[in-house]
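*Asks:* There's a structure below that I have some questions on.
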Amino acid sequence: AREGDEGGPPATFGSFLDAGTGSHSLKWIASLIRREELLSAQEEEGRMITLQSYTAITADDQMRRRVLDEAIDLGIDDRGEVIIGNWVDEDLLEGKKYDTILADYLVGAIDGFSPYFQDQIFERITSHLTPGGRLYVVGLQPIPD
C-alpha cells in the first residue's frame, strides 16, 4: 500500500514549507499539528509524526509580524519558523529540502514582490522538494484591481 492508503502507514507531511505564508495557510498548518496531537494521544508511542516542522516564507515584514503573532495565538510557534525572503533571491533556503511544499495563492501574491516571476516560481520552489515529496497548489480567481 502507498503511504496514506488504507492499511498503510499514516500520512506524513514531514518537513513543511509554506512558500508564501499568510493567515489561511498558517491555520492549515496548525490544524495538521492539532490532528497529530489528537491522534498521538489515542495511539501508542512510536507513531509516525504527521508534521515535523514548518518554515513559512513571506516577503513582507508586517506580514511576518502578523504571522508570528498568529503562530503564538495558535500555539504552534515552537514547531517552526517564519522568515522574510523573496523567491528571486537564489540564496533563499539554499541547500534546504522539504517533504511538503504549500503554494497557497502564491502565484497571485508574488506579483507585488517579484513582478514577472510567476512563470518561474514553480521551478524555483520545487528545487526544495525532496524526491517523492508533495507540492500542494491553492489558487483563487484574480482579485480585480
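Note on naming: chains are A, B, ... as they come in the C-alpha cells, residues start from 1 per chain, ligands start from 1 in the order shown.
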Write out as an mmCIF file with all heavy atoms, in the first residue's frame which residues come within 12 Å of Gln62 in chain A when counting only C-alpha atoms, dropping same-chain ones fewer than 4 positions away.
*Replies:*
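For reference, out19.cif as written:
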data_model
loop_
_atom_site.group_PDB
_atom_site.id
_atom_site.type_symbol
_atom_site.label_atom_id
_atom_site.label_comp_id
_atom_site.auth_asym_id
_atom_site.auth_seq_id
_atom_site.Cartn_x
_atom_site.Cartn_y
_atom_site.Cartn_z
ATOM 1 N N GLY A 22 0.564 33.125 5.033
ATOM 2 C CA GLY A 22 -0.487 34.063 5.403
ATOM 3 C C GLY A 22 -1.381 33.385 6.422
ATOM 4 O O GLY A 22 -1.126 32.249 6.833
ATOM 5 N N THR A 58 7.594 34.814 3.880
ATOM 6 C CA THR A 58 6.891 35.994 3.401
ATOM 7 C C THR A 58 7.926 37.028 2.987
ATOM 8 O O THR A 58 9.033 37.042 3.515
ATOM 9 C CB THR A 58 5.934 36.583 4.462
ATOM 10 O OG1 THR A 58 5.257 37.713 3.895
ATOM 11 C CG2 THR A 58 6.666 37.007 5.719
ATOM 12 N N ARG A 66 2.582 39.674 11.708
ATOM 13 C CA ARG A 66 1.212 39.169 11.894
ATOM 14 C C ARG A 66 1.198 37.646 11.997
ATOM 15 O O ARG A 66 0.509 37.066 12.835
ATOM 16 C CB ARG A 66 0.310 39.617 10.746
ATOM 17 C CG ARG A 66 -0.215 41.017 10.886
ATOM 18 C CD ARG A 66 -1.407 41.265 9.966
ATOM 19 N NE ARG A 66 -1.146 41.008 8.569
ATOM 20 C CZ ARG A 66 -0.795 41.932 7.685
ATOM 21 N NH1 ARG A 66 -0.641 43.182 8.042
ATOM 22 N NH2 ARG A 66 -0.591 41.602 6.430
ATOM 23 N N VAL A 67 1.977 36.991 11.121
ATOM 24 C CA VAL A 67 2.014 35.530 11.124
ATOM 25 C C VAL A 67 2.671 35.011 12.396
ATOM 26 O O VAL A 67 2.205 34.032 12.986
ATOM 27 C CB VAL A 67 2.721 35.006 9.845
ATOM 28 C CG1 VAL A 67 3.019 33.530 9.947
ATOM 29 C CG2 VAL A 67 1.864 35.290 8.624
ATOM 30 N N LEU A 68 3.729 35.675 12.865
ATOM 31 C CA LEU A 68 4.358 35.272 14.129
ATOM 32 C C LEU A 68 3.368 35.388 15.285
ATOM 33 O O LEU A 68 3.275 34.487 16.125
ATOM 34 C CB LEU A 68 5.588 36.123 14.416
ATOM 35 C CG LEU A 68 6.860 35.756 13.670
ATOM 36 C CD1 LEU A 68 7.939 36.821 13.876
ATOM 37 C CD2 LEU A 68 7.373 34.399 14.110
ATOM 38 N N ASP A 69 2.636 36.499 15.341
ATOM 39 C CA ASP A 69 1.626 36.676 16.394
ATOM 40 C C ASP A 69 0.555 35.589 16.308
ATOM 41 O O ASP A 69 0.132 35.041 17.323
ATOM 42 C CB ASP A 69 0.973 38.060 16.296
ATOM 43 C CG ASP A 69 1.907 39.181 16.726
ATOM 44 O OD1 ASP A 69 2.938 38.897 17.377
ATOM 45 O OD2 ASP A 69 1.603 40.356 16.398
ATOM 46 N N VAL A 82 9.198 31.551 10.905
ATOM 47 C CA VAL A 82 8.652 32.445 9.892
ATOM 48 C C VAL A 82 9.791 33.366 9.478
ATOM 49 O O VAL A 82 10.361 34.056 10.323
ATOM 50 C CB VAL A 82 7.459 33.265 10.430
ATOM 51 C CG1 VAL A 82 6.898 34.165 9.344
ATOM 52 C CG2 VAL A 82 6.377 32.353 11.001
ATOM 53 N N ILE A 83 10.132 33.338 8.192
ATOM 54 C CA ILE A 83 11.266 34.143 7.744
ATOM 55 C C ILE A 83 10.863 35.064 6.590
ATOM 56 O O ILE A 83 9.915 34.784 5.856
ATOM 57 C CB ILE A 83 12.469 33.267 7.342
ATOM 58 C CG1 ILE A 83 12.127 32.342 6.182
ATOM 59 C CG2 ILE A 83 12.969 32.450 8.508
ATOM 60 C CD1 ILE A 83 13.322 31.551 5.675
ATOM 61 N N ILE A 84 11.601 36.147 6.463
ATOM 62 C CA ILE A 84 11.401 37.066 5.351
ATOM 63 C C ILE A 84 12.320 36.632 4.225
ATOM 64 O O ILE A 84 13.504 36.358 4.447
ATOM 65 C CB ILE A 84 11.720 38.511 5.772
ATOM 66 C CG1 ILE A 84 10.699 38.982 6.796
ATOM 67 C CG2 ILE A 84 11.717 39.442 4.563
ATOM 68 C CD1 ILE A 84 10.947 40.380 7.291
#
*Asks:* Between A:Asp111, A:Glu90, A:Asp73, A:Asp104, which one has atoms that come closest to Ser127 in chain A, using only C-alpha atoms?
*Replies:* A:Glu90
*Asks:* Work out how far CA of Tyr105 in chain A is from CA of His24 in chain A, in Å to one decimal.
*Replies:*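 Going from CA of His24 in chain A over to CA of Tyr105 in chain A covers 9.8 Å.
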*Asks:* Please, what distance in Å, to one decimal, runs between CA of Lys96 in chain A and CA of Arg65 in chain A?
*Replies:* 23.3 Å
*Asks:* Go ahead and compute the interatomic distance for CA of Asp119 in chain A and CA of Val107 in chain A, in Å to one decimal.
*Replies:*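 CA of Val107 in chain A lies at a distance of 8.6 Å from CA of Asp119 in chain A.
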*Asks:* For Trp87 in chain A, work out the shell of residues within 9 Å, counting only C-alpha atoms and skipping chain neighbours fewer than 6 positions away, then give it as an NGL selection string.
*Replies:* :A and (19 or 59 or 110 or 114 or 117 or 121 or 124-125)
*Asks:* Let me see the file: selected residues, N, CA and C atoms, as a PDB file, in the first residue's frame.
*Replies:*
ATOM      1  N   ALA A  19       5.374  28.269   1.164  1.00  0.00           N
ATOM      2  CA  ALA A  19       6.169  29.098   0.259  1.00  0.00           C
ATOM      3  C   ALA A  19       5.720  30.551   0.179  1.00  0.00           C
ATOM      4  N   ALA A  59       7.547  37.873   2.033  1.00  0.00           N
ATOM      5  CA  ALA A  59       8.460  38.927   1.586  1.00  0.00           C
ATOM      6  C   ALA A  59       8.190  40.239   2.319  1.00  0.00           C
ATOM      7  N   ILE A 110       2.620  36.927  -5.573  1.00  0.00           N
ATOM      8  CA  ILE A 110       4.033  37.181  -5.858  1.00  0.00           C
ATOM      9  C   ILE A 110       4.250  38.425  -6.715  1.00  0.00           C
ATOM     10  N   SER A 114       7.701  40.335  -6.637  1.00  0.00           N
ATOM     11  CA  SER A 114       8.608  39.850  -7.690  1.00  0.00           C
ATOM     12  C   SER A 114       7.875  39.880  -9.035  1.00  0.00           C
ATOM     13  N   PHE A 117       7.768  37.165 -12.239  1.00  0.00           N
ATOM     14  CA  PHE A 117       8.436  35.952 -11.770  1.00  0.00           C
ATOM     15  C   PHE A 117       7.474  34.760 -11.686  1.00  0.00           C
ATOM     16  N   ILE A 121       8.222  30.570 -10.697  1.00  0.00           N
ATOM     17  CA  ILE A 121       8.091  30.254  -9.267  1.00  0.00           C
ATOM     18  C   ILE A 121       8.038  28.756  -8.989  1.00  0.00           C
ATOM     19  N   ARG A 124      11.394  27.212  -9.181  1.00  0.00           N
ATOM     20  CA  ARG A 124      12.204  27.694  -8.053  1.00  0.00           C
ATOM     21  C   ARG A 124      11.848  26.960  -6.763  1.00  0.00           C
ATOM     22  N   ILE A 125      10.559  26.846  -6.447  1.00  0.00           N
ATOM     23  CA  ILE A 125      10.203  26.225  -5.160  1.00  0.00           C
ATOM     24  C   ILE A 125      10.363  24.709  -5.190  1.00  0.00           C
TER      25      ILE A 125
END
*Asks:* Could you pull out the alpha helix (DSSP H) residues of chain A from DSSP and send them as a PyMOL selection string?
*Replies:* chain A and resi 23-42+61-74+106-109+121-126
*Asks:* Write out the residues from the selection above, keeping C-alpha atoms, as an mmCIF file, in the first residue's frame.
*Replies:*
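Contents of selection-v2.cif, as written:
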data_model
loop_
_atom_site.group_PDB
_atom_site.id
_atom_site.type_symbol
_atom_site.label_atom_id
_atom_site.label_comp_id
_atom_site.auth_asym_id
_atom_site.auth_seq_id
_atom_site.Cartn_x
_atom_site.Cartn_y
_atom_site.Cartn_z
ATOM 1 C CA SER A 23 -3.309 33.538 7.851
ATOM 2 C CA HIS A 24 -5.086 30.878 5.770
ATOM 3 C CA SER A 25 -2.068 28.635 5.253
ATOM 4 C CA LEU A 26 -0.881 29.062 8.844
ATOM 5 C CA LYS A 27 -4.271 27.889 10.122
ATOM 6 C CA TRP A 28 -3.960 24.801 7.910
ATOM 7 C CA ILE A 29 -0.512 24.074 9.366
ATOM 8 C CA ALA A 30 -1.984 24.476 12.871
ATOM 9 C CA SER A 31 -4.782 22.036 12.013
ATOM 10 C CA LEU A 32 -2.209 19.429 10.923
ATOM 11 C CA ILE A 33 -0.316 19.852 14.187
ATOM 12 C CA ARG A 34 -3.537 19.632 16.237
ATOM 13 C CA ARG A 35 -4.541 16.488 14.302
ATOM 14 C CA GLU A 36 -1.183 14.966 15.164
ATOM 15 C CA GLU A 37 -1.594 15.802 18.857
ATOM 16 C CA LEU A 38 -5.097 14.300 18.948
ATOM 17 C CA LEU A 39 -4.024 11.115 17.190
ATOM 18 C CA SER A 40 -0.897 10.645 19.280
ATOM 19 C CA ALA A 41 -2.979 10.896 22.454
ATOM 20 C CA GLN A 42 -5.043 7.938 21.207
ATOM 21 C CA ASP A 61 7.902 42.424 7.359
ATOM 22 C CA GLN A 62 4.382 43.404 8.503
ATOM 23 C CA MET A 63 3.028 40.044 7.325
ATOM 24 C CA ARG A 64 5.870 38.293 9.142
ATOM 25 C CA ARG A 65 4.909 40.023 12.389
ATOM 26 C CA ARG A 66 1.212 39.169 11.894
ATOM 27 C CA VAL A 67 2.014 35.530 11.124
ATOM 28 C CA LEU A 68 4.358 35.272 14.129
ATOM 29 C CA ASP A 69 1.626 36.676 16.394
ATOM 30 C CA GLU A 70 -0.896 34.251 14.915
ATOM 31 C CA ALA A 71 1.503 31.312 15.349
ATOM 32 C CA ILE A 72 1.776 32.239 19.044
ATOM 33 C CA ASP A 73 -2.026 32.515 19.330
ATOM 34 C CA LEU A 74 -2.420 29.124 17.615
ATOM 35 C CA LEU A 106 1.484 32.296 -4.166
ATOM 36 C CA VAL A 107 1.291 32.967 -7.911
ATOM 37 C CA GLY A 108 -1.254 35.749 -7.414
ATOM 38 C CA ALA A 109 0.505 37.334 -4.452
ATOM 39 C CA ILE A 121 8.091 30.254 -9.267
ATOM 40 C CA PHE A 122 7.244 26.559 -9.514
ATOM 41 C CA GLU A 123 10.667 25.584 -10.826
ATOM 42 C CA ARG A 124 12.204 27.694 -8.053
ATOM 43 C CA ILE A 125 10.203 26.225 -5.160
ATOM 44 C CA THR A 126 10.270 22.624 -6.357
#
*Asks:* With only C-alpha atoms as the basis for distance, which of A:Tyr136, A:Leu93, A:Val88, A:Asp99 is at the shortest distance from Gln120 in chain A?
*Replies:* A:Val88
*Asks:* Give me, as a ChimeraX atom specification, the residues of chain A that a backbone DSSP run labels strand (DSSP E or B).
*Replies:* /A:14-18,51-58,80-84,98-104,129-138
*Asks:* Which residue is closest to Asp91 in chain A? Choose from A:Val138, A:His128, A:Thr50, A:Phe16 and count only C-alpha atoms.
*Replies:*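 Closest candidate: A:His128.
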